[in-house]
Amino acid sequence: MEKEKNQESFEAFIKSFFYGKRTDLSFKFLSELALEDASTFIQNLFKDIIDSLDDKDLSIVKQRILQGQIEGYKEQKNFEYDDGPFHPFKKPLSSIKLSLLTSSGHFLKGHDPKPLGVENMSQGEAVRRVFDFLKEEPQLSKIPFDSNPKDLMVRHSGYDIRAALKDPNVSFPYQRMVNLKDQGVFAELTSNAYSFVGACSQIRLLKKTLPGWVDKFVDLGVDAVVLVPV
Amino acid sequence: MSVGHVARALEEAKIATIIIAVKAFETRMRMMSLPRVLLTPQLLGRPLGSPFDEKLQIRILNAALQLLEKADRKTIQDYC
């Protein structure tokens with residue numbers, strides 16, 4: 001009887017990956033799947049792990065997780081607009097000035113944006129306080145394009161930052177932009193790239209923050225901005 | 001989707017934008033009626049691929065810039 005009382009349901013198990021006792025931001029999509037689909041995903045993932053070991057081909061596992069993430073996010077419609085602006089781009093690429101803005105949460109060592117008033121907040125605390133982040137106005141960090149990647153930090157309450165910790169270019173491709181400028185693909189970069197934590201108050205972003213950010217890019221005289229959500 | 005709002009605001013100000021997003025965000029991108037989006041078959045948190053895969057990162061960024069230059073209407077395109 002006692003054993004039955006302590007048993008965890010499968011539903012509670014998969015929901016625990018979404019900011020619960022098993023938080024894993026790469027697998028938080030499990031909570032969005034129907035129970036049957038989640039159980040099929042896990043069963044197939046186990047099978048794929050064995051196949052990938054036998055075949056020495058990790059792409060099998062990657063493909064399975066990718067399909068799971070696509071399935072988990074396909075019904076998510078946070079904001080819906082019937083129409084939106086499209087500014088025609090008419091200049092040759094080789095003549096333009098570009099900048100980079102990502103929602104990956106990168107910042108430069110010594111320039112901690114101190115989210116929620118906390119300096120040196122750990123990634124773990126950021127994840128635990130995700131719902132506080134969602135009430136906050138986002139802060140823009142500027143990062144010179146010539147920064148050493150060892151001087152970059154990343155912290156974000158909404159996604160798995162492990163790859164970004166190893167190489168910022170997976171979500172903040174600032175060095176790759178320099179590579180393409182040096183190859184002559186486009187003419188010029190702004191001095192700085194920009195990043196913020198995308199898990200923030202959308203209302204504050206829209207009403208309070210964005211006008212200032214737009215003015216900044218207008219003042220910088222950019223033709224276009226590369227944007228990367230995470 | 002914060003970046004979607006940024007894209008819409010910049011385009012209103014006559015600054016063109018190109019978004020590089022993982023395929024899992026396709027529905028969100030389509031719902032926001034965004035100008036130019038390149039969807040990559042990569043895992044969440046790694047829209048430009050695995051760490052230190054410099055060649056792939058450059059190919060994806062290059063594809064995004066080509067889309068920026070060529071799209072004459074709202075376009076959501078898969079990176080292949």
# chains A, B, ... in the order shown; residues from 1 in each chain; ligands from 1
call {"tool": "interface_residues", "arguments": {"of": "chain B", "to": "chain A", "cutoff": "6 Å", "atoms": "only C-alpha atoms", "output": "PDB file with C-alpha atoms, in the first residue's frame"}}
result
ATOM      1  CA  SER B   2      11.532  37.738 -28.139  1.00  0.00           C
ATOM      2  CA  VAL B   3      13.615  37.683 -31.322  1.00  0.00           C
ATOM      3  CA  LEU B  10      13.629  46.554 -36.849  1.00  0.00           C
ATOM      4  CA  GLU B  11      11.790  45.940 -40.122  1.00  0.00           C
ATOM      5  CA  GLU B  12       9.310  48.685 -39.183  1.00  0.00           C
ATOM      6  CA  LYS B  14      13.526  49.917 -42.363  1.00  0.00           C
ATOM      7  CA  ILE B  15      16.331  47.687 -41.137  1.00  0.00           C
ATOM      8  CA  ALA B  16      16.268  44.282 -42.812  1.00  0.00           C
ATOM      9  CA  THR B  17      16.562  41.178 -40.655  1.00  0.00           C
ATOM     10  CA  ILE B  18      17.401  37.531 -41.126  1.00  0.00           C
ATOM     11  CA  ILE B  19      16.614  35.021 -38.382  1.00  0.00           C
ATOM     12  CA  ILE B  20      18.532  31.764 -37.945  1.00  0.00           C
ATOM     13  CA  ALA B  21      16.387  29.407 -35.848  1.00  0.00           C
ATOM     14  CA  ALA B  24      11.584  23.177 -33.720  1.00  0.00           C
ATOM     15  CA  THR B  27       5.422  27.129 -35.793  1.00  0.00           C
ATOM     16  CA  ARG B  28       6.390  30.091 -33.614  1.00  0.00           C
ATOM     17  CA  MET B  31       2.687  32.519 -36.364  1.00  0.00           C
ATOM     18  CA  MET B  32       4.647  35.779 -35.993  1.00  0.00           C
ATOM     19  CA  SER B  33       4.586  36.561 -39.729  1.00  0.00           C
ATOM     20  CA  PRO B  35      10.250  38.560 -42.846  1.00  0.00           C
ATOM     21  CA  LEU B  43      19.048  20.693 -31.614  1.00  0.00           C
ATOM     22  CA  GLY B  45      20.304  25.751 -28.110  1.00  0.00           C
ATOM     23  CA  ARG B  46      22.560  25.022 -31.098  1.00  0.00           C
ATOM     24  CA  PRO B  47      20.958  26.762 -34.101  1.00  0.00           C
ATOM     25  CA  LEU B  48      24.325  26.891 -35.888  1.00  0.00           C
ATOM     26  CA  GLY B  49      25.246  23.289 -35.131  1.00  0.00           C
ATOM     27  CA  PRO B  51      30.449  23.269 -30.904  1.00  0.00           C
ATOM     28  CA  ILE B  58      29.972  29.331 -41.732  1.00  0.00           C
TER      29      ILE B  58
END
call {"tool": "select_by_dssp", "arguments": {"residues": "chain A", "states": "strand (DSSP E or B)", "output": "MDAnalysis selection string"}}
result
chainID A and resid 97:102 104 106:108 141:144 152:154 188:189 192:195 197 224:228
call {"tool": "write_last_selection", "arguments": {"atoms": "N, CA and C atoms", "output": "short mmCIF file (atom, residue, chain, number, x, y, z; two decimals), in the first residue's frame"}}
result
data_model
loop_
_atom_site.label_atom_id
_atom_site.label_comp_id
_atom_site.auth_asym_id
_atom_site.auth_seq_id
_atom_site.Cartn_x
_atom_site.Cartn_y
_atom_site.Cartn_z
N LYS A 97 26.50 46.93 -44.29
CA LYS A 97 26.96 46.92 -42.90
C LYS A 97 25.98 46.07 -42.08
N LEU A 98 26.54 45.12 -41.34
CA LEU A 98 25.72 44.16 -40.59
C LEU A 98 25.99 44.25 -39.10
N SER A 99 25.01 43.77 -38.32
CA SER A 99 25.25 43.53 -36.91
C SER A 99 24.62 42.20 -36.51
N LEU A 100 24.84 41.82 -35.28
CA LEU A 100 24.34 40.53 -34.76
C LEU A 100 23.64 40.77 -33.43
N LEU A 101 22.47 40.18 -33.28
CA LEU A 101 21.74 40.25 -32.01
C LEU A 101 21.15 38.88 -31.73
N THR A 102 21.44 38.33 -30.57
CA THR A 102 20.91 37.01 -30.23
C THR A 102 20.20 37.06 -28.88
N SER A 104 20.58 34.67 -26.75
CA SER A 104 21.28 33.54 -26.14
C SER A 104 21.80 33.81 -24.73
N HIS A 106 24.45 35.79 -23.82
CA HIS A 106 25.90 35.96 -23.70
C HIS A 106 26.24 37.35 -23.14
N PHE A 107 27.32 37.42 -22.44
CA PHE A 107 27.84 38.72 -21.98
C PHE A 107 29.34 38.58 -21.75
N LEU A 108 29.98 39.74 -21.61
CA LEU A 108 31.43 39.76 -21.46
C LEU A 108 31.79 39.66 -19.97
N SER A 141 23.36 43.17 -23.67
CA SER A 141 24.81 43.16 -23.43
C SER A 141 25.52 43.40 -24.75
N LYS A 142 26.53 44.29 -24.73
CA LYS A 142 27.29 44.47 -25.95
C LYS A 142 28.63 43.77 -25.84
N ILE A 143 29.00 43.12 -26.93
CA ILE A 143 30.20 42.28 -26.95
C ILE A 143 31.00 42.62 -28.20
N PRO A 144 32.19 43.21 -28.04
CA PRO A 144 32.99 43.56 -29.23
C PRO A 144 33.24 42.32 -30.10
N LEU A 152 33.97 35.37 -22.87
CA LEU A 152 32.50 35.40 -22.95
C LEU A 152 31.88 34.50 -21.89
N MET A 153 30.78 34.95 -21.36
CA MET A 153 30.00 34.16 -20.40
C MET A 153 28.61 33.95 -21.00
N VAL A 154 27.92 32.94 -20.52
CA VAL A 154 26.54 32.74 -20.96
C VAL A 154 25.72 32.22 -19.78
N GLU A 188 30.96 45.44 -43.93
CA GLU A 188 31.29 46.04 -42.63
C GLU A 188 30.46 45.43 -41.51
N LEU A 189 31.07 45.43 -40.32
CA LEU A 189 30.37 45.01 -39.10
C LEU A 189 30.33 46.19 -38.13
N ASN A 192 30.34 46.22 -32.09
CA ASN A 192 29.85 45.25 -31.10
C ASN A 192 28.76 44.37 -31.68
N ALA A 193 28.69 43.16 -31.13
CA ALA A 193 27.51 42.30 -31.31
C ALA A 193 26.69 42.43 -30.03
N TYR A 194 25.46 41.94 -30.05
CA TYR A 194 24.55 42.17 -28.91
C TYR A 194 23.83 40.87 -28.53
N SER A 195 23.56 40.76 -27.23
CA SER A 195 22.86 39.57 -26.74
C SER A 195 22.01 39.91 -25.53
N VAL A 197 18.83 37.93 -22.69
CA VAL A 197 18.15 36.69 -22.30
C VAL A 197 16.72 36.75 -22.83
N ALA A 224 21.36 45.74 -42.16
CA ALA A 224 20.63 44.53 -41.76
C ALA A 224 21.21 43.98 -40.46
N VAL A 225 20.39 43.17 -39.78
CA VAL A 225 20.82 42.54 -38.53
C VAL A 225 20.54 41.04 -38.61
N VAL A 226 21.55 40.25 -38.25
CA VAL A 226 21.37 38.80 -38.13
C VAL A 226 20.84 38.53 -36.72
N LEU A 227 19.72 37.83 -36.64
CA LEU A 227 19.08 37.55 -35.36
C LEU A 227 19.07 36.05 -35.09
N VAL A 228 19.37 35.68 -33.86
CA VAL A 228 19.38 34.25 -33.52
C VAL A 228 18.60 34.03 -32.22
#
call {"tool": "atom_distance", "arguments": {"atom1": "atom CA of A:Lys207", "atom2": "atom CA of B:Arg8"}}
result
13.2 Å
call {"tool": "select_by_dssp", "arguments": {"residues": "chain B", "states": "helix (DSSP H, G or I)", "output": "JSON, numbers by chain"}}
result
{"B": [2, 3, 4, 5, 6, 7, 8, 9, 10, 11, 12, 23, 24, 25, 26, 27, 28, 29, 30, 31, 54, 55, 56, 57, 58, 59, 60, 61, 62, 63, 64, 65, 66, 67, 68, 69, 70]}
call {"tool": "atom_distance", "arguments": {"atom1": "atom CA of A:Lys47", "atom2": "atom CA of A:Phe13"}}
result
19.9 Å
call {"tool": "closest_residue", "arguments": {"among": "B:Gln57, B:Thr40, B:Asn62, B:Phe52", "to": "B:Tyr79", "atoms": "only C-alpha atoms"}}
result
B:Thr40
call {"tool": "atom_distance", "arguments": {"atom1": "atom CA of A:Phe29", "atom2": "atom CA of A:Phe17"}}
result
8.1 Å
call {"tool": "decode", "arguments": {"residues": "stretch 48-62 of chain B", "atoms": "N, CA, C and O atoms", "output": "short mmCIF file (atom, residue, chain, number, x, y, z; two decimals), in the first residue's frame"}}
result
data_model
loop_
_atom_site.label_atom_id
_atom_site.label_comp_id
_atom_site.auth_asym_id
_atom_site.auth_seq_id
_atom_site.Cartn_x
_atom_site.Cartn_y
_atom_site.Cartn_z
N LEU B 48 23.29 26.94 -34.85
CA LEU B 48 24.33 26.89 -35.89
C LEU B 48 25.12 25.59 -35.83
O LEU B 48 26.19 25.48 -36.43
N GLY B 49 24.61 24.60 -35.13
CA GLY B 49 25.25 23.29 -35.13
C GLY B 49 26.08 23.03 -33.90
O GLY B 49 26.01 23.75 -32.91
N SER B 50 26.87 21.99 -33.97
CA SER B 50 27.63 21.53 -32.81
C SER B 50 28.81 22.45 -32.51
O SER B 50 29.31 23.14 -33.41
N PRO B 51 29.28 22.45 -31.25
CA PRO B 51 30.45 23.27 -30.90
C PRO B 51 31.66 22.96 -31.78
O PRO B 51 31.92 21.79 -32.08
N PHE B 52 32.33 24.00 -32.19
CA PHE B 52 33.60 23.94 -32.94
C PHE B 52 33.45 23.38 -34.36
O PHE B 52 34.46 23.12 -35.01
N ASP B 53 32.21 23.21 -34.84
CA ASP B 53 32.02 22.80 -36.23
C ASP B 53 32.00 24.08 -37.08
O ASP B 53 30.97 24.53 -37.57
N GLU B 54 33.19 24.65 -37.21
CA GLU B 54 33.33 25.96 -37.83
C GLU B 54 32.82 25.97 -39.27
O GLU B 54 32.16 26.92 -39.70
N LYS B 55 33.11 24.89 -40.01
CA LYS B 55 32.68 24.86 -41.41
C LYS B 55 31.16 24.91 -41.53
O LYS B 55 30.62 25.63 -42.37
N LEU B 56 30.46 24.12 -40.69
CA LEU B 56 29.00 24.13 -40.74
C LEU B 56 28.46 25.49 -40.31
O LEU B 56 27.53 26.03 -40.92
N GLN B 57 29.04 26.06 -39.27
CA GLN B 57 28.58 27.37 -38.80
C GLN B 57 28.68 28.41 -39.91
O GLN B 57 27.78 29.23 -40.11
N ILE B 58 29.78 28.37 -40.63
CA ILE B 58 29.97 29.33 -41.73
C ILE B 58 28.98 29.06 -42.86
O ILE B 58 28.39 29.99 -43.43
N ARG B 59 28.76 27.77 -43.16
CA ARG B 59 27.81 27.45 -44.24
C ARG B 59 26.41 27.93 -43.89
O ARG B 59 25.69 28.47 -44.73
N ILE B 60 26.01 27.72 -42.63
CA ILE B 60 24.66 28.16 -42.21
C ILE B 60 24.56 29.68 -42.26
O ILE B 60 23.58 30.23 -42.80
N LEU B 61 25.56 30.37 -41.76
CA LEU B 61 25.54 31.84 -41.77
C LEU B 61 25.53 32.37 -43.20
O LEU B 61 24.79 33.30 -43.53
N ASN B 62 26.32 31.73 -44.05
CA ASN B 62 26.36 32.13 -45.46
C ASN B 62 24.99 31.92 -46.11
O ASN B 62 24.51 32.79 -46.86
#
